[in-house]
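K.L.:
Before we start, here is the structure in question, set down as structure tokens.
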Amino acid sequence: MKIESLFDYLAGNSYPGRGIVTGVTSDGKFAVSAYFIMGRSENSRNRVFVEDGRGIRTQAFDPSKMKDPSLIIYAPVRVITTASGTDTVVTNGDQTDTAYEGMSKGLTFEQSLRSRTFEPDGPNFTPRISSVLHIDSGKFCYEMSILKSDMGDPESSNRYTFSYENPKKGVGRFIHTYRGDGNPLPSFEGEPVAVSLDGMNDAKTLADKMWQNLNADNKVSLFVRYIEIASGKEESVIINKNK
């Protein structure tokens, strides 16, 4: 598999929609997670990320302009504390809560998401993309998931889970909702894209570079978290277009 430049990939797509990047820094010290949202409508663009405990949630920037909170107001990031580490769940919708609750009860990440399908926003039927970063006794692995309609058929669901054990240093995996702009919006296809994380040794460096390469008109908010694998210490950055 070819390792892509994350920043060229972002710059070449005016509307990847919502996206998750997960991986490991080149020095192997940090687990990396990034999540961004974009928007075409006024309602979608009227949002910011705010901290919520160890996670984040979306919030209306101007509550008076909020028309429909469904599908756009949710907690993208939640953290489960385990006996020997953490599970950090990152998703593009309220399935964050589904995965969090299921895993807290002993289900696996994949089992927890079996109760969910793609978003009910026909004709787009936006995929639900999700990830979980497992840090356990100083070791790191991660999983990513996409739940999508079968070629736009609202009666058929396709479920894909990708697991990365002992992930390669300096490489991330990138999954996003749309292949690009369109009407209806074309869903992401294939396995998560391998992207280089070389030189991205802290959260601010990655956040700034990603933000610079997201489409200026459509980008809304970005979250980046670095977790020191040995200690579990977290460093997070939030960038909001609305200020």
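Residues in the structure tokens are numbered from 1 in each chain, the chains being A, B, ... in the order shown, and ligands are numbered from 1 in the order shown.
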Mind checking which residues fall within 12 Å of Gln59 (chain A), counting only C-alpha atoms, ignoring those fewer than 4 positions away in the same chain, and posting them as a PyMOL selection string?
P.N.:
chain A and resi 43-52+63+65-66+69-76+220-221+240+242
K.L.:
Where does region 85-113 of chain A meet region 163-180 of chain A within 12 Å, residue by residue, with the nearest atom pair and distance in Å to one decimal for each, counting only C-alpha atoms, listed by chain and rising number, as a Markdown table?
P.N.:
| residue | atom | partner | partner_atom | distance |
| --- | --- | --- | --- | --- |
| A:Val90 | CA | A:Ile175 | CA | 11.7 |
| A:Thr91 | CA | A:His176 | CA | 10.4 |
| A:Asn92 | CA | A:Thr177 | CA | 8.8 |
| A:Gly93 | CA | A:Thr177 | CA | 11.4 |
| A:Phe109 | CA | A:Ser163 | CA | 10.4 |
| A:Glu110 | CA | A:Ser163 | CA | 10.2 |
K.L.:
With all heavy atoms retained, write the just-selected residues as a JSON list (two decimals), in the first residue's frame.
P.N.:
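What landed in again10.json:
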[["chain", "number", "residue", "atom", "x", "y", "z"],
["A", 90, "VAL", "N", -13.42, 7.64, 19.13],
["A", 90, "VAL", "CA", -13.58, 8.83, 18.29],
["A", 90, "VAL", "C", -14.48, 8.47, 17.12],
["A", 90, "VAL", "O", -14.20, 7.52, 16.38],
["A", 90, "VAL", "CB", -12.22, 9.32, 17.75],
["A", 90, "VAL", "CG1", -12.39, 10.60, 16.93],
["A", 90, "VAL", "CG2", -11.23, 9.55, 18.88],
["A", 91, "THR", "N", -15.58, 9.21, 16.96],
["A", 91, "THR", "CA", -16.50, 8.90, 15.86],
["A", 91, "THR", "C", -17.10, 10.18, 15.28],
["A", 91, "THR", "O", -16.93, 11.27, 15.82],
["A", 91, "THR", "CB", -17.67, 7.99, 16.30],
["A", 91, "THR", "OG1", -18.79, 8.77, 16.73],
["A", 91, "THR", "CG2", -17.28, 7.02, 17.40],
["A", 92, "ASN", "N", -17.85, 10.01, 14.20],
["A", 92, "ASN", "CA", -18.48, 11.16, 13.55],
["A", 92, "ASN", "C", -19.95, 11.32, 13.90],
["A", 92, "ASN", "O", -20.70, 11.98, 13.17],
["A", 92, "ASN", "CB", -18.33, 11.07, 12.02],
["A", 92, "ASN", "CG", -19.22, 10.00, 11.40],
["A", 92, "ASN", "OD1", -19.48, 8.96, 12.01],
["A", 92, "ASN", "ND2", -19.69, 10.22, 10.18],
["A", 93, "GLY", "N", -20.38, 10.73, 15.02],
["A", 93, "GLY", "CA", -21.79, 10.85, 15.37],
["A", 93, "GLY", "C", -22.08, 10.33, 16.76],
["A", 93, "GLY", "O", -21.16, 10.05, 17.55],
["A", 109, "PHE", "N", -15.42, -3.43, 20.45],
["A", 109, "PHE", "CA", -15.72, -2.27, 19.62],
["A", 109, "PHE", "C", -16.66, -2.66, 18.48],
["A", 109, "PHE", "O", -17.70, -2.02, 18.27],
["A", 109, "PHE", "CB", -14.40, -1.72, 19.08],
["A", 109, "PHE", "CG", -14.49, -0.60, 18.10],
["A", 109, "PHE", "CD1", -14.99, 0.64, 18.47],
["A", 109, "PHE", "CD2", -14.01, -0.77, 16.80],
["A", 109, "PHE", "CE1", -15.03, 1.70, 17.56],
["A", 109, "PHE", "CE2", -14.05, 0.28, 15.90],
["A", 109, "PHE", "CZ", -14.57, 1.51, 16.27],
["A", 110, "GLU", "N", -16.34, -3.72, 17.78],
["A", 110, "GLU", "CA", -17.16, -4.15, 16.65],
["A", 110, "GLU", "C", -18.55, -4.59, 17.11],
["A", 110, "GLU", "O", -19.57, -4.22, 16.50],
["A", 110, "GLU", "CB", -16.47, -5.30, 15.90],
["A", 110, "GLU", "CG", -17.21, -5.74, 14.66],
["A", 110, "GLU", "CD", -16.44, -6.78, 13.87],
["A", 110, "GLU", "OE1", -15.54, -7.43, 14.44],
["A", 110, "GLU", "OE2", -16.74, -6.96, 12.67]]
K.L.:
Would you mind listing what lies within 8 Å of Met144 (chain A) as a PyMOL selection string, with only C-alpha atoms counted and same-chain residues fewer than 2 positions away left out?
P.N.:
chain A and resi 129-132+142+146+161-163
K.L.:
Per DSSP on the backbone, what are the helix (DSSP H, G or I) residues of region 87-235 of chain A, as a list in words?
P.N.:
Gln95, Thr96, Asp97, Thr98, Ala99, Tyr100, Glu101, Gly102, Met103, Ser104, Phe109, Glu110, Gln111, Ser112, Leu113, Arg114, Ser115, Ala203, Lys204, Thr205, Leu206, Ala207, Asp208, Lys209, Met210, Trp211, Gln212 and Asn213 of chain A
K.L.:
Go ahead and write the selection's residues with N, CA and C atoms as a compact mmCIF listing (two decimals), in the first residue's frame.
P.N.:
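Final file, selection_38.txt:
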# COMPACT_ATOMS: atom_id res chain seq x y z
N GLN A 95 -22.85 7.57 17.65
CA GLN A 95 -22.39 6.20 17.91
C GLN A 95 -21.18 6.17 18.83
N THR A 96 -20.59 7.35 19.11
CA THR A 96 -19.57 7.42 20.17
C THR A 96 -20.15 6.85 21.46
N ASP A 97 -21.37 7.28 21.79
CA ASP A 97 -22.02 6.81 23.02
C ASP A 97 -22.33 5.32 22.94
N THR A 98 -22.72 4.84 21.76
CA THR A 98 -23.03 3.42 21.57
C THR A 98 -21.78 2.57 21.84
N ALA A 99 -20.65 2.98 21.26
CA ALA A 99 -19.41 2.24 21.46
C ALA A 99 -18.95 2.33 22.91
N TYR A 100 -19.03 3.52 23.47
CA TYR A 100 -18.61 3.75 24.87
C TYR A 100 -19.42 2.87 25.82
N GLU A 101 -20.73 2.86 25.66
CA GLU A 101 -21.58 2.09 26.56
C GLU A 101 -21.38 0.59 26.38
N GLY A 102 -21.27 0.15 25.12
CA GLY A 102 -21.08 -1.27 24.87
C GLY A 102 -19.76 -1.78 25.39
N MET A 103 -18.69 -1.04 25.13
CA MET A 103 -17.37 -1.46 25.59
C MET A 103 -17.27 -1.40 27.12
N SER A 104 -17.96 -0.45 27.72
CA SER A 104 -17.97 -0.36 29.19
C SER A 104 -18.63 -1.58 29.82
N PHE A 109 -15.42 -3.43 20.45
CA PHE A 109 -15.72 -2.27 19.62
C PHE A 109 -16.66 -2.66 18.48
N GLU A 110 -16.34 -3.72 17.78
CA GLU A 110 -17.16 -4.15 16.65
C GLU A 110 -18.55 -4.59 17.11
N GLN A 111 -18.62 -5.36 18.19
CA GLN A 111 -19.92 -5.80 18.70
C GLN A 111 -20.78 -4.62 19.11
N SER A 112 -20.18 -3.62 19.73
CA SER A 112 -20.92 -2.45 20.20
C SER A 112 -21.60 -1.71 19.06
N LEU A 113 -20.94 -1.68 17.89
CA LEU A 113 -21.47 -0.93 16.75
C LEU A 113 -22.45 -1.73 15.89
N ARG A 114 -22.68 -3.00 16.25
CA ARG A 114 -23.60 -3.82 15.45
C ARG A 114 -25.03 -3.30 15.47
N SER A 115 -25.36 -2.52 16.50
CA SER A 115 -26.72 -2.00 16.61
C SER A 115 -26.94 -0.75 15.75
N ALA A 203 1.02 17.53 19.04
CA ALA A 203 -0.36 17.75 18.60
C ALA A 203 -0.53 19.07 17.85
N LYS A 204 0.13 20.12 18.30
CA LYS A 204 -0.04 21.42 17.66
C LYS A 204 0.51 21.43 16.24
N THR A 205 1.65 20.79 16.03
CA THR A 205 2.22 20.73 14.68
C THR A 205 1.28 20.05 13.72
N LEU A 206 0.72 18.91 14.12
CA LEU A 206 -0.22 18.20 13.24
C LEU A 206 -1.49 19.01 13.04
N ALA A 207 -2.03 19.58 14.11
CA ALA A 207 -3.27 20.35 14.00
C ALA A 207 -3.11 21.54 13.06
N ASP A 208 -2.04 22.28 13.22
CA ASP A 208 -1.82 23.45 12.36
C ASP A 208 -1.69 23.06 10.90
N LYS A 209 -0.96 21.99 10.63
CA LYS A 209 -0.74 21.55 9.25
C LYS A 209 -2.03 21.02 8.62
N MET A 210 -2.80 20.27 9.38
CA MET A 210 -4.08 19.78 8.85
C MET A 210 -5.01 20.94 8.57
N TRP A 211 -5.11 21.86 9.51
CA TRP A 211 -6.03 22.99 9.36
C TRP A 211 -5.68 23.83 8.13
N GLN A 212 -4.40 24.01 7.87
CA GLN A 212 -3.96 24.77 6.71
C GLN A 212 -4.39 24.13 5.40
N ASN A 213 -4.52 22.81 5.39
CA ASN A 213 -4.80 22.10 4.15
C ASN A 213 -6.26 21.68 3.97
K.L.:
To test your reading of the structure, identify every residue in region 83-212 of chain A that backbone DSSP assigns to strand (DSSP E or B), and report it as a PyMOL selection string.
P.N.:
chain A and resi 85-91+128-136+139-150+153-164+171-176+178+187+193-196
K.L.:
Would you kindly return, as a list in words, each protein, DNA or RNA residue with an atom no farther than 6 Å from any atom of region 124-128 of chain A, considering only C-alpha atoms and excluding same-chain residues fewer than 5 positions away?
P.N.:
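Counting only C-alpha atoms, the residues come to Phe118, Glu119, Ile146, Leu147, Lys148, Thr177, Pro184 and Leu185 of chain A.
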K.L.:
Keeping only C-alpha atoms, take the residues you just selected and write them out as a CSV table (one decimal), in the first residue's frame.
P.N.:
chain,number,residue,atom,x,y,z
A,118,PHE,CA,-25.4,4.6,8.3
A,119,GLU,CA,-27.0,8.0,9.0
A,146,ILE,CA,-17.1,2.3,8.7
A,147,LEU,CA,-20.9,1.5,8.5
A,148,LYS,CA,-22.3,2.4,5.1
A,177,THR,CA,-17.2,10.2,5.0
A,184,PRO,CA,-25.7,13.1,-3.6
A,185,LEU,CA,-22.4,13.0,-1.8
K.L.:
From the list A:Asp136, A:Asp68, A:Asp181, A:Asp121, which residue is nearest Pro154 (chain A) when using only C-alpha atoms?
P.N.:
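Using only C-alpha atoms, Pro154 (chain A) sits closest to A:Asp121.
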K.L.:
With only C-alpha atoms as the atoms that count, which of A:Pro16, A:Gly23, A:Pro120, A:Gly55 lies nearest to Ile37 (chain A)?
P.N.:
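Of A:Pro16, A:Gly23, A:Pro120, A:Gly55, the one nearest Ile37 (chain A) is A:Pro16, counting only C-alpha atoms.
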K.L.:
Can you list, as an mmCIF file with C-alpha atoms, in the first residue's frame, every protein, DNA or RNA residue that comes within 12 Å of Lys139 (chain A) when you count only C-alpha atoms, leaving out same-chain residues fewer than 5 positions away?
P.N.:
data_model
loop_
_atom_site.group_PDB
_atom_site.id
_atom_site.type_symbol
_atom_site.label_atom_id
_atom_site.label_comp_id
_atom_site.auth_asym_id
_atom_site.auth_seq_id
_atom_site.Cartn_x
_atom_site.Cartn_y
_atom_site.Cartn_z
ATOM 1 C CA VAL A 24 1.706 6.509 15.807
ATOM 2 C CA GLY A 28 6.899 5.529 18.575
ATOM 3 C CA LYS A 29 6.172 7.557 21.700
ATOM 4 C CA PHE A 30 2.688 8.870 20.965
ATOM 5 C CA ALA A 31 -0.628 7.464 19.813
ATOM 6 C CA SER A 84 -4.367 -0.952 32.795
ATOM 7 C CA GLY A 85 -4.931 1.938 30.415
ATOM 8 C CA THR A 86 -7.565 3.697 28.325
ATOM 9 C CA ASP A 87 -9.820 3.208 25.328
ATOM 10 C CA LEU A 133 -7.339 3.724 20.487
ATOM 11 C CA HIS A 134 -6.414 0.988 22.971
ATOM 12 C CA GLU A 165 -1.777 -4.395 15.923
ATOM 13 C CA ASN A 166 1.735 -3.121 16.677
ATOM 14 C CA PRO A 167 1.077 -0.257 14.219
ATOM 15 C CA ILE A 227 -1.347 10.211 24.017
ATOM 16 C CA GLU A 228 2.048 9.236 25.420
ATOM 17 C CA ILE A 229 1.900 5.465 25.191
ATOM 18 C CA ALA A 230 4.173 4.782 28.167
ATOM 19 C CA SER A 231 2.471 7.153 30.621
ATOM 20 C CA GLY A 232 -1.011 7.810 29.192
#
K.L.:
Would you compute the distance between CA of Ser156 (chain A) and CA of Asp94 (chain A)? Give it in Å to one decimal.
P.N.:
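One can read the CA of Ser156 (chain A) to CA of Asp94 (chain A) distance as 20.6 Å.
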K.L.:
What does the structure give for the distance between CA of Gly17 (chain A) and CA of Pro186 (chain A), in Å to one decimal?
P.N.:
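Here the two named atoms are 10.3 Å from each other.
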